[in-house]
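Pasted below: structure_27.cif, mmCIF, C-alpha atoms (C1' of nucleotides) and all ligand atoms.
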```cif
data_upload
loop_
_atom_site.label_atom_id
_atom_site.label_comp_id
_atom_site.auth_asym_id
_atom_site.auth_seq_id
_atom_site.Cartn_x
_atom_site.Cartn_y
_atom_site.Cartn_z
CA MET A 1334 0.00 0.00 0.00
CA LYS A 1335 2.86 2.34 -0.69
CA ILE A 1336 3.43 4.75 -3.48
CA SER A 1337 6.89 4.05 -4.86
CA THR A 1338 9.90 6.33 -4.93
CA LYS A 1339 9.05 7.19 -8.51
CA GLY A 1340 6.05 9.18 -7.41
CA ASP A 1341 7.76 10.88 -4.54
CA TYR A 1342 10.94 11.66 -6.47
CA GLY A 1343 8.98 12.87 -9.44
CA VAL A 1344 6.86 15.25 -7.43
CA ARG A 1345 9.92 16.53 -5.61
CA ALA A 1346 11.58 17.20 -8.93
CA LEU A 1347 8.55 19.06 -10.27
CA ILE A 1348 8.40 21.19 -7.13
CA GLU A 1349 11.99 22.13 -7.77
CA LEU A 1350 11.10 23.15 -11.30
CA ALA A 1351 8.09 25.09 -10.08
CA LEU A 1352 10.22 27.01 -7.60
CA HIS A 1353 12.45 28.18 -10.45
CA GLU A 1354 9.63 28.84 -12.86
CA GLY A 1355 10.55 31.56 -15.33
CA GLU A 1356 14.28 31.45 -14.63
CA GLY A 1357 15.16 29.25 -17.57
CA PRO A 1358 15.80 25.51 -17.58
CA VAL A 1359 17.05 23.70 -14.49
CA GLN A 1360 19.61 20.98 -14.95
CA ARG A 1361 19.20 17.36 -14.02
CA ALA A 1362 22.23 17.49 -11.72
CA ASP A 1363 20.85 20.48 -9.82
CA ILE A 1364 17.49 18.86 -9.25
CA ALA A 1365 19.13 15.64 -8.16
CA HIS A 1366 21.43 17.36 -5.69
CA ARG A 1367 18.88 19.66 -4.16
CA ARG A 1368 16.23 16.97 -3.73
CA GLN A 1369 18.49 14.02 -3.00
CA ILE A 1370 17.53 11.92 -5.99
CA PRO A 1371 19.95 9.53 -7.75
CA GLU A 1372 20.90 11.40 -10.89
CA SER A 1373 20.65 8.62 -13.41
CA TYR A 1374 17.36 7.43 -11.97
CA LEU A 1375 15.94 10.91 -12.23
CA ASP A 1376 16.61 10.68 -15.95
CA HIS A 1377 13.86 8.09 -16.36
CA LEU A 1378 11.37 10.00 -14.30
CA LEU A 1379 11.98 13.16 -16.30
CA ALA A 1380 11.59 11.16 -19.49
CA GLN A 1381 8.20 9.94 -18.36
CA LEU A 1382 7.11 13.40 -17.32
CA ARG A 1383 8.21 14.72 -20.68
CA ARG A 1384 6.29 12.05 -22.54
CA ASP A 1385 3.18 13.04 -20.67
CA GLY A 1386 3.66 16.72 -21.38
CA PHE A 1387 4.45 18.04 -17.93
CA ILE A 1388 7.91 19.32 -18.74
CA ARG A 1389 9.94 20.55 -21.67
CA SER A 1390 13.65 19.75 -21.98
CA THR A 1391 16.46 21.32 -23.96
CA ARG A 1392 19.84 19.80 -24.69
CA GLY A 1393 23.26 21.28 -25.03
CA PRO A 1394 25.09 23.69 -22.74
CA GLY A 1395 22.67 25.77 -20.74
CA GLY A 1396 20.03 23.20 -21.33
CA GLY A 1397 17.82 21.55 -18.73
CA HIS A 1398 14.21 21.07 -17.84
CA GLU A 1399 11.29 23.38 -17.22
CA LEU A 1400 7.57 23.10 -16.70
CA ALA A 1401 5.54 22.98 -19.87
CA ARG A 1402 2.54 24.58 -18.15
CA PRO A 1403 2.07 27.02 -15.28
CA PRO A 1404 2.45 25.34 -11.86
CA ALA A 1405 -1.14 26.15 -10.98
CA GLU A 1406 -2.33 24.02 -13.87
CA ILE A 1407 -0.47 20.85 -12.94
CA CYS A 1408 -2.21 18.72 -10.36
CA LEU A 1409 -0.76 15.98 -8.22
CA LEU A 1410 -3.20 13.37 -9.43
CA HIS A 1411 -2.07 13.49 -13.01
CA VAL A 1412 1.60 13.62 -12.13
CA LEU A 1413 1.33 10.60 -9.89
CA GLU A 1414 -0.73 8.66 -12.37
CA SER A 1415 1.88 9.39 -14.98
CA LEU A 1416 4.67 8.02 -12.82
CA GLU A 1417 2.92 5.26 -10.93
CA GLY A 1418 0.20 4.11 -13.27
CA SER A 1419 -3.28 3.76 -11.85
CA LEU A 1420 -3.43 4.60 -8.16
CA ALA A 1421 -6.29 2.17 -7.62
CA PRO A 1422 -5.74 0.29 -4.37
CA LEU A 1423 -7.36 -2.83 -5.80
CA GLY A 1424 -7.10 -4.32 -9.26
CA CYS A 1425 -10.87 -4.42 -9.56
CA LEU A 1426 -11.06 -0.63 -9.24
CA SER A 1427 -8.54 0.11 -11.92
CA ASP A 1428 -9.53 1.48 -15.31
CA ASP A 1429 -6.56 -0.39 -16.68
CA PRO A 1430 -8.08 -3.48 -18.31
CA ALA A 1431 -4.92 -5.46 -17.59
CA ASP A 1432 -6.17 -5.76 -14.03
CA ASP A 1433 -9.15 -8.04 -13.87
CA ALA A 1434 -10.07 -10.97 -11.67
CA HIS A 1435 -12.60 -9.50 -9.32
CA ASP A 1436 -14.47 -11.81 -7.03
CA PRO A 1437 -18.08 -10.90 -7.78
CA LEU A 1438 -18.99 -11.88 -4.24
CA CYS A 1439 -16.46 -9.59 -2.64
CA GLY A 1440 -18.40 -7.25 -0.44
CA GLN A 1441 -15.69 -4.75 0.23
CA GLN A 1442 -15.30 -3.17 -3.15
CA TRP A 1443 -17.59 -0.26 -2.34
CA VAL A 1444 -15.44 0.69 0.66
CA TRP A 1445 -12.38 1.02 -1.43
CA ARG A 1446 -14.18 2.73 -4.23
CA GLU A 1447 -15.22 5.48 -1.85
CA ILE A 1448 -11.75 5.81 -0.40
CA PHE A 1449 -10.22 5.85 -3.85
CA ASP A 1450 -12.62 8.50 -5.10
CA GLU A 1451 -11.93 10.70 -2.13
CA MET A 1452 -8.22 10.28 -2.63
CA ARG A 1453 -8.40 11.23 -6.27
CA ARG A 1454 -10.57 14.21 -5.46
CA ARG A 1455 -8.00 15.50 -3.02
CA LEU A 1456 -5.02 14.86 -5.26
CA ALA A 1457 -6.74 16.57 -8.16
CA ALA A 1458 -7.37 19.62 -6.00
CA ILE A 1459 -3.69 20.23 -5.32
CA SER A 1460 -1.42 21.89 -7.83
CA LEU A 1461 2.31 22.39 -7.97
CA ALA A 1462 1.63 26.01 -7.13
CA ASP A 1463 0.02 24.93 -3.87
CA LEU A 1464 3.00 22.80 -3.00
CA THR A 1465 5.55 25.50 -3.70
CA GLU A 1466 3.47 27.96 -1.73
CA ARG A 1467 3.65 25.58 1.22
CA GLU A 1468 7.39 25.23 0.90
CA ARG A 1469 7.92 28.98 0.70
CA GLU A 1470 5.75 29.51 3.74
CA ARG A 1471 7.69 27.04 5.78
CA GLU A 1472 10.94 28.55 4.62
CA ARG A 1473 9.75 31.97 5.77
CA ALA A 1474 8.79 30.55 9.12
CA GLU A 1475 12.21 29.00 9.48
CA ARG A 1476 13.93 32.28 8.71
CA VAL A 1477 11.93 33.97 11.41
CA MET A 1478 12.90 31.25 13.85
CA ALA A 1479 16.56 31.64 12.94
CA ALA A 1480 16.49 35.42 13.24
CA ALA A 1481 14.74 35.40 16.59
CA PRO A 1482 15.81 32.25 18.43
CA HIS A 1483 14.02 33.24 21.63
CA TYR A 1484 10.71 32.49 19.91
CA LYS A 1485 11.54 28.84 19.91
CA ILE A 1486 9.10 26.60 21.72
CA MET B 1039 -0.24 1.82 -4.49
CA LYS B 1040 -2.05 -1.49 -4.21
CA ILE B 1041 -3.13 -3.46 -1.22
CA SER B 1042 -1.94 -7.01 -1.74
CA THR B 1043 -4.02 -10.13 -2.06
CA LYS B 1044 -3.36 -10.82 1.60
CA GLY B 1045 -5.62 -7.98 2.63
CA ASP B 1046 -8.34 -8.78 0.15
CA TYR B 1047 -8.27 -12.53 0.78
CA GLY B 1048 -8.17 -12.02 4.50
CA VAL B 1049 -11.18 -9.74 4.54
CA ARG B 1050 -13.08 -12.08 2.25
CA ALA B 1051 -12.35 -14.94 4.61
CA LEU B 1052 -13.52 -12.98 7.62
CA ILE B 1053 -16.72 -12.03 5.83
CA GLU B 1054 -17.31 -15.70 5.26
CA LEU B 1055 -16.83 -16.36 8.98
CA ALA B 1056 -19.11 -13.48 9.86
CA LEU B 1057 -21.85 -14.83 7.62
CA HIS B 1058 -21.77 -18.10 9.54
CA GLU B 1059 -21.41 -16.54 12.94
CA GLY B 1060 -22.91 -18.73 15.62
CA GLU B 1061 -23.07 -21.85 13.49
CA GLY B 1062 -19.89 -23.39 14.78
CA PRO B 1063 -16.44 -23.36 13.17
CA VAL B 1064 -16.01 -23.06 9.41
CA GLN B 1065 -13.33 -25.11 7.77
CA ARG B 1066 -10.40 -23.82 5.84
CA ALA B 1067 -11.42 -25.76 2.74
CA ASP B 1068 -14.92 -24.30 2.79
CA ILE B 1069 -13.69 -20.74 3.09
CA ALA B 1070 -11.18 -21.32 0.33
CA HIS B 1071 -13.73 -22.78 -2.04
CA ARG B 1072 -16.47 -20.29 -1.45
CA ARG B 1073 -14.21 -17.24 -1.73
CA GLN B 1074 -11.79 -18.55 -4.34
CA ILE B 1075 -8.68 -18.44 -2.22
CA PRO B 1076 -5.79 -20.92 -2.59
CA GLU B 1077 -6.21 -23.20 0.36
CA SER B 1078 -2.64 -23.46 1.54
CA TYR B 1079 -2.16 -19.74 1.18
CA LEU B 1080 -5.21 -19.09 3.29
CA ASP B 1081 -3.46 -21.00 6.05
CA HIS B 1082 -0.98 -18.22 6.55
CA LEU B 1083 -3.59 -15.52 6.54
CA LEU B 1084 -5.66 -17.34 9.12
CA ALA B 1085 -2.53 -17.82 11.21
CA GLN B 1086 -1.90 -14.09 11.19
CA LEU B 1087 -5.49 -13.30 12.04
CA ARG B 1088 -5.33 -15.77 14.90
CA ARG B 1089 -2.14 -14.26 16.26
CA ASP B 1090 -3.84 -10.88 16.31
CA GLY B 1091 -6.89 -12.19 18.06
CA PHE B 1092 -9.51 -11.86 15.33
CA ILE B 1093 -10.32 -15.54 15.08
CA ARG B 1094 -10.25 -18.69 17.17
CA SER B 1095 -9.41 -22.08 15.62
CA THR B 1096 -10.06 -25.65 16.72
CA ARG B 1097 -8.38 -28.77 15.37
CA GLY B 1098 -9.58 -32.24 14.76
CA PRO B 1099 -12.69 -33.46 12.97
CA GLY B 1100 -15.42 -30.87 13.08
CA GLY B 1101 -12.81 -28.21 13.73
CA GLY B 1102 -12.35 -24.99 11.86
CA HIS B 1103 -12.28 -21.26 12.41
CA GLU B 1104 -14.66 -18.73 13.90
CA LEU B 1105 -14.63 -15.11 14.89
CA ALA B 1106 -13.24 -14.40 18.32
CA ARG B 1107 -15.41 -11.30 18.70
CA PRO B 1108 -18.81 -10.20 17.37
CA PRO B 1109 -18.64 -9.01 13.74
CA ALA B 1110 -19.75 -5.53 14.76
CA GLU B 1111 -16.62 -5.14 16.88
CA ILE B 1112 -14.10 -5.99 14.18
CA CYS B 1113 -13.20 -3.08 11.95
CA LEU B 1114 -11.59 -3.18 8.57
CA LEU B 1115 -8.70 -0.96 9.58
CA HIS B 1116 -7.33 -3.35 12.17
CA VAL B 1117 -7.82 -6.39 10.00
CA LEU B 1118 -5.95 -4.82 7.11
CA GLU B 1119 -3.17 -3.52 9.32
CA SER B 1120 -2.80 -7.00 10.72
CA LEU B 1121 -2.40 -8.53 7.28
CA GLU B 1122 -0.63 -5.79 5.38
CA GLY B 1123 1.36 -3.97 8.01
CA SER B 1124 1.09 -0.21 8.11
CA LEU B 1125 -1.16 1.16 5.40
CA ALA B 1126 0.85 4.38 5.20
CA PRO B 1127 1.28 5.36 1.56
CA LEU B 1128 4.71 6.84 2.28
CA GLY B 1129 7.46 5.57 4.53
CA CYS B 1130 7.67 8.92 6.25
CA LEU B 1131 4.07 8.60 7.45
CA SER B 1132 4.48 5.19 8.96
CA ASP B 1133 4.60 4.64 12.70
CA ASP B 1134 6.83 1.69 11.97
CA PRO B 1135 10.32 2.96 12.81
CA ALA B 1136 11.83 0.67 10.19
CA ASP B 1137 10.69 3.19 7.62
CA ASP B 1138 12.72 6.35 7.85
CA ALA B 1139 14.51 8.49 5.30
CA HIS B 1140 12.21 11.43 4.86
CA ASP B 1141 13.43 14.34 2.81
CA PRO B 1142 12.92 17.24 5.23
CA LEU B 1143 12.36 19.54 2.26
CA CYS B 1144 9.62 17.44 0.77
CA GLY B 1145 6.59 19.63 0.57
CA GLN B 1146 4.02 16.99 -0.17
CA GLN B 1147 3.95 15.13 3.10
CA TRP B 1148 0.96 17.06 4.40
CA VAL B 1149 -1.12 16.05 1.40
CA TRP B 1150 -0.58 12.40 2.04
CA ARG B 1151 -1.01 12.75 5.76
CA GLU B 1152 -4.49 14.13 5.17
CA ILE B 1153 -5.38 11.42 2.67
CA PHE B 1154 -4.04 8.75 4.97
CA ASP B 1155 -5.97 10.08 7.96
CA GLU B 1156 -9.17 10.17 5.98
CA MET B 1157 -8.58 6.65 4.77
CA ARG B 1158 -8.00 5.31 8.24
CA ARG B 1159 -11.03 7.13 9.53
CA ARG B 1160 -13.21 5.46 6.92
CA LEU B 1161 -11.72 2.00 7.37
CA ALA B 1162 -12.12 2.23 11.13
CA ALA B 1163 -15.79 3.10 10.68
CA ILE B 1164 -16.60 -0.13 8.86
CA SER B 1165 -17.11 -3.40 10.66
CA LEU B 1166 -17.51 -6.95 9.45
CA ALA B 1167 -21.17 -6.62 10.35
CA ASP B 1168 -21.50 -3.74 7.87
CA LEU B 1169 -19.88 -5.82 5.16
CA THR B 1170 -22.07 -8.85 5.70
CA GLU B 1171 -25.13 -6.62 5.79
CA ARG B 1172 -24.14 -5.31 2.36
CA GLU B 1173 -23.67 -8.80 0.99
CA ARG B 1174 -27.02 -9.95 2.31
CA GLU B 1175 -28.73 -6.92 0.83
CA ARG B 1176 -27.27 -7.55 -2.58
CA GLU B 1177 -28.18 -11.18 -2.38
CA ARG B 1178 -31.79 -10.20 -1.62
CA ALA B 1179 -31.80 -7.85 -4.57
CA GLU B 1180 -30.51 -10.59 -6.81
CA ARG B 1181 -33.21 -12.97 -5.70
CA VAL B 1182 -35.83 -10.39 -6.56
CA MET B 1183 -34.29 -9.94 -9.98
CA ALA B 1184 -34.28 -13.66 -10.57
CA ALA B 1185 -37.88 -14.08 -9.46
CA ALA B 1186 -39.15 -11.21 -11.62
CA PRO B 1187 -36.99 -11.06 -14.74
CA HIS B 1188 -39.09 -8.38 -16.37
CA TYR B 1189 -37.72 -5.86 -13.86
CA LYS B 1190 -34.35 -6.11 -15.51
CA ILE B 1191 -32.88 -2.89 -16.88
"C1'" DA C 404 -5.72 -46.63 15.96
"C1'" DG C 405 -6.89 -43.84 12.41
"C1'" DA C 406 -9.16 -40.18 10.17
"C1'" DT C 407 -9.70 -35.35 10.25
"C1'" DT C 408 -8.68 -31.07 10.94
"C1'" DG C 409 -5.39 -27.10 12.06
"C1'" DT C 410 -0.09 -25.18 12.61
"C1'" DC C 411 4.25 -23.99 11.25
"C1'" DG C 412 8.27 -22.97 8.61
"C1'" DA C 413 11.20 -23.67 4.56
"C1'" DG C 414 11.51 -22.71 0.04
"C1'" DC C 415 10.54 -21.03 -4.73
"C1'" DG C 416 9.36 -18.84 -9.21
"C1'" DA C 417 7.59 -14.54 -11.00
"C1'" DT C 418 7.26 -9.79 -10.72
"C1'" DT C 419 8.40 -5.25 -9.22
"C1'" DT C 420 11.52 -1.83 -7.42
"C1'" DA C 421 15.20 0.97 -7.61
"C1'" DG C 422 18.46 1.74 -9.57
"C1'" DT C 423 23.34 1.69 -12.87
"C1'" DC C 424 25.75 2.19 -17.08
"C1'" DA C 425 27.25 2.78 -21.69
"C1'" DG C 426 26.47 5.05 -25.74
"C1'" DC C 427 24.15 8.18 -28.78
"C1'" DA C 428 21.86 12.85 -29.98
"C1'" DT C 429 21.64 17.71 -29.78
"C1'" DT C 430 23.17 22.28 -29.06
"C1'" DG C 431 25.95 26.22 -27.57
"C1'" DT C 432 30.60 28.23 -27.68
"C1'" DA C 433 35.45 29.03 -29.00
"C1'" DT D 1493 34.61 23.13 -37.22
"C1'" DA D 1494 35.89 21.02 -32.90
"C1'" DC D 1495 34.52 20.17 -28.54
"C1'" DA D 1496 32.24 20.41 -24.36
"C1'" DA D 1497 27.95 20.37 -22.03
"C1'" DT D 1498 23.87 18.76 -21.68
"C1'" DG D 1499 19.79 15.55 -22.45
"C1'" DC D 1500 17.91 10.70 -24.27
"C1'" DT D 1501 17.55 5.88 -24.54
"C1'" DG D 1502 17.60 1.15 -23.71
"C1'" DA D 1503 19.82 -2.80 -21.76
"C1'" DC D 1504 21.09 -4.67 -17.71
"C1'" DT D 1505 20.95 -6.03 -12.63
"C1'" DA D 1506 20.66 -6.76 -7.62
"C1'" DA D 1507 17.45 -6.97 -4.11
"C1'" DA D 1508 13.00 -7.16 -2.29
"C1'" DT D 1509 8.34 -8.56 -2.31
"C1'" DC D 1510 4.42 -11.34 -3.78
"C1'" DG D 1511 1.85 -15.22 -4.16
"C1'" DC D 1512 2.03 -19.04 -3.50
"C1'" DT D 1513 3.40 -24.74 -2.56
"C1'" DC D 1514 4.94 -28.45 0.19
"C1'" DG D 1515 6.00 -31.38 3.92
"C1'" DA D 1516 6.20 -32.49 8.56
"C1'" DC D 1517 3.86 -32.11 12.77
"C1'" DA D 1518 0.10 -31.45 16.44
"C1'" DA D 1519 -4.38 -31.88 18.26
"C1'" DT D 1520 -8.85 -33.84 18.43
"C1'" DC D 1521 -12.82 -36.75 17.52
"C1'" DT D 1522 -14.76 -41.60 16.74
S1 LIG E 1601 -12.02 -8.70 -5.20
FE1 LIG E 1601 -12.43 -6.53 -5.62
S2 LIG E 1601 -12.79 -5.77 -3.57
FE2 LIG E 1601 -12.34 -7.91 -3.16
S1 LIG E 1602 9.82 12.20 1.50
FE1 LIG E 1602 8.00 12.12 2.80
S2 LIG E 1602 6.51 13.07 1.49
FE2 LIG E 1602 8.29 13.13 0.19
#
```

Kindly transcribe the structure held in the file into structure tokens.
Amino acid sequence: MKISTKGDYGVRALIELALHEGEGPVQRADIAHRRQIPESYLDHLLAQLRRDGFIRSTRGPGGGHELARPPAEICLLHVLESLEGSLAPLGCLSDDPADDAHDPLCGQQWVWREIFDEMRRRLAAISLADLTERERERERAERVMAAAPHYKI
Amino acid sequence: MKISTKGDYGVRALIELALHEGEGPVQRADIAHRRQIPESYLDHLLAQLRRDGFIRSTRGPGGGHELARPPAEICLLHVLESLEGSLAPLGCLSDDPADDAHDPLCGQQWVWREIFDEMRRRLAAISLADLTERERERERAERVMAAAPHYKI
DNA sequence: AGATTGTCGAGCGATTTAGTCAGCATTGTA
DNA sequence: TACAATGCTGACTAAATCGCTCGACAATCT
């Protein structure tokens, strides 16, 4: 019942791109360093995100990666589905026809369907812009803490 | 992002026990047949459920398995956690200290924490009694359909 | 005693995860 | 034009997990 590192890494990488939106392309190595992602693994994640139209990449010196759309228009649901495939917690809830084999007697499907729907609803409601906003807020809070240590606890 | 067959099988098995609550122990082979679960695999699931106090088993002829508590007092959350371990979708949300390694910068943790909390809340609100009630209802509906075919569609 | 049931642990093949690596393609710069 | 910096791709792999099977054993009923 875990989402894999792909999803987490990928979102982290996109946040990094969103934070530098409008400052030209960010390089693979920079993303990898700042977000602690194995560089050559990140390659594959970026490739997938490119295929699905979330980012645009340019080669050559000064090249790198940047968001293909404004951060506010990229939601977590689609990003995660791109990297992880269907997020359905049970095969019988997946749209993917490769998953089949549902016990027609199984009386718990409705539970999971509700949970799954709620999950998707929430993920769809959160954009990269929301995530970067959160990060910036926390960063601000930390600066305040650092500047005025007597506030602590 | 899937729950494994363990969870699904296990819940199916418990539903089967709940349906026959009060009629004496149900045998492994019966559960396996009725719910389409490999018999020798089911063994391990039942063992786990026994260890965690959900069922009681008796050996010898006429033996089998039965619920250790009333169906209304067994919730889906605990059953699934017993069979699957922590349901946390990210290592950094797990109570299990074996999972660590959280990127302190990662700005998406709060999203998943909320989803996870909601999920647990829902799973905790559903008991085996609720599930059997659902199955019985559907069965009734199906009997009506069968008796009066012209109602179809 | 013998049949019937559950209990336990070892082991195993397939699949998935989480990468690595080598080599090619493209582009900017000197 | 050479070359360096970057991205792109696919093949490969080690380790973990999944979904079981099997065999030996223990308890209980008749
Ligand atoms: S088989 Fe689909 S919910 Fe159990
Ligand atoms: S590392 Fe915990 S949410 Fe990303």

**OP:** Around ligand LIG 1601 (chain E), at most 12 Å away and counting only C-alpha atoms (C1' of nucleotides) and all ligand atoms, which residues are there? Put them as a ChimeraX atom specification, please.
**Re:** /A:1421-1427,1432-1447,1449 /B:1040-1053,1073-1075,1169

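Considering the residues B:Met1157, B:Ala1167, B:Ala1186, B:Leu1121 and counting only C-alpha atoms, chain A has its shortest atom-to-atom contact with B:Met1157.
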
How big is the axis-aligned box around the listed atoms of ligand LIG 1602 (chain E) once 4 Å is added on each side, and where is its centre? Give both in Å to one decimal, as AutoDock Vina command-line options.
```
--center_x 8.2 --center_y 12.6 --center_z 1.5 --size_x 11.3 --size_y 9.0 --size_z 10.6
```

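The residue set within 9 Å of DA1519 (chain D), counting only C-alpha atoms (C1' of nucleotides) and dropping same-chain residues fewer than 2 places from it, reads Thr1096, Arg1097 and Gly1098 of chain B; DT408 and DG409 of chain C.
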
Mind listing as a compact mmCIF listing (two decimals) with C-alpha atoms, in the coordinates of the input which residues of chain B are within 9 Å of chain C, counting only C-alpha atoms (C1' of nucleotides)?
```
# COMPACT_ATOMS: atom_id res chain seq x y z
CA GLN B 1065 -13.33 -25.11 7.77
CA ARG B 1066 -10.40 -23.82 5.84
CA ASP B 1081 -3.46 -21.00 6.05
CA ALA B 1085 -2.53 -17.82 11.21
CA SER B 1095 -9.41 -22.08 15.62
CA THR B 1096 -10.06 -25.65 16.72
CA ARG B 1097 -8.38 -28.77 15.37
CA GLY B 1098 -9.58 -32.24 14.76
CA PRO B 1099 -12.69 -33.46 12.97
CA GLY B 1100 -15.42 -30.87 13.08
CA GLY B 1101 -12.81 -28.21 13.73
CA GLY B 1102 -12.35 -24.99 11.86
```
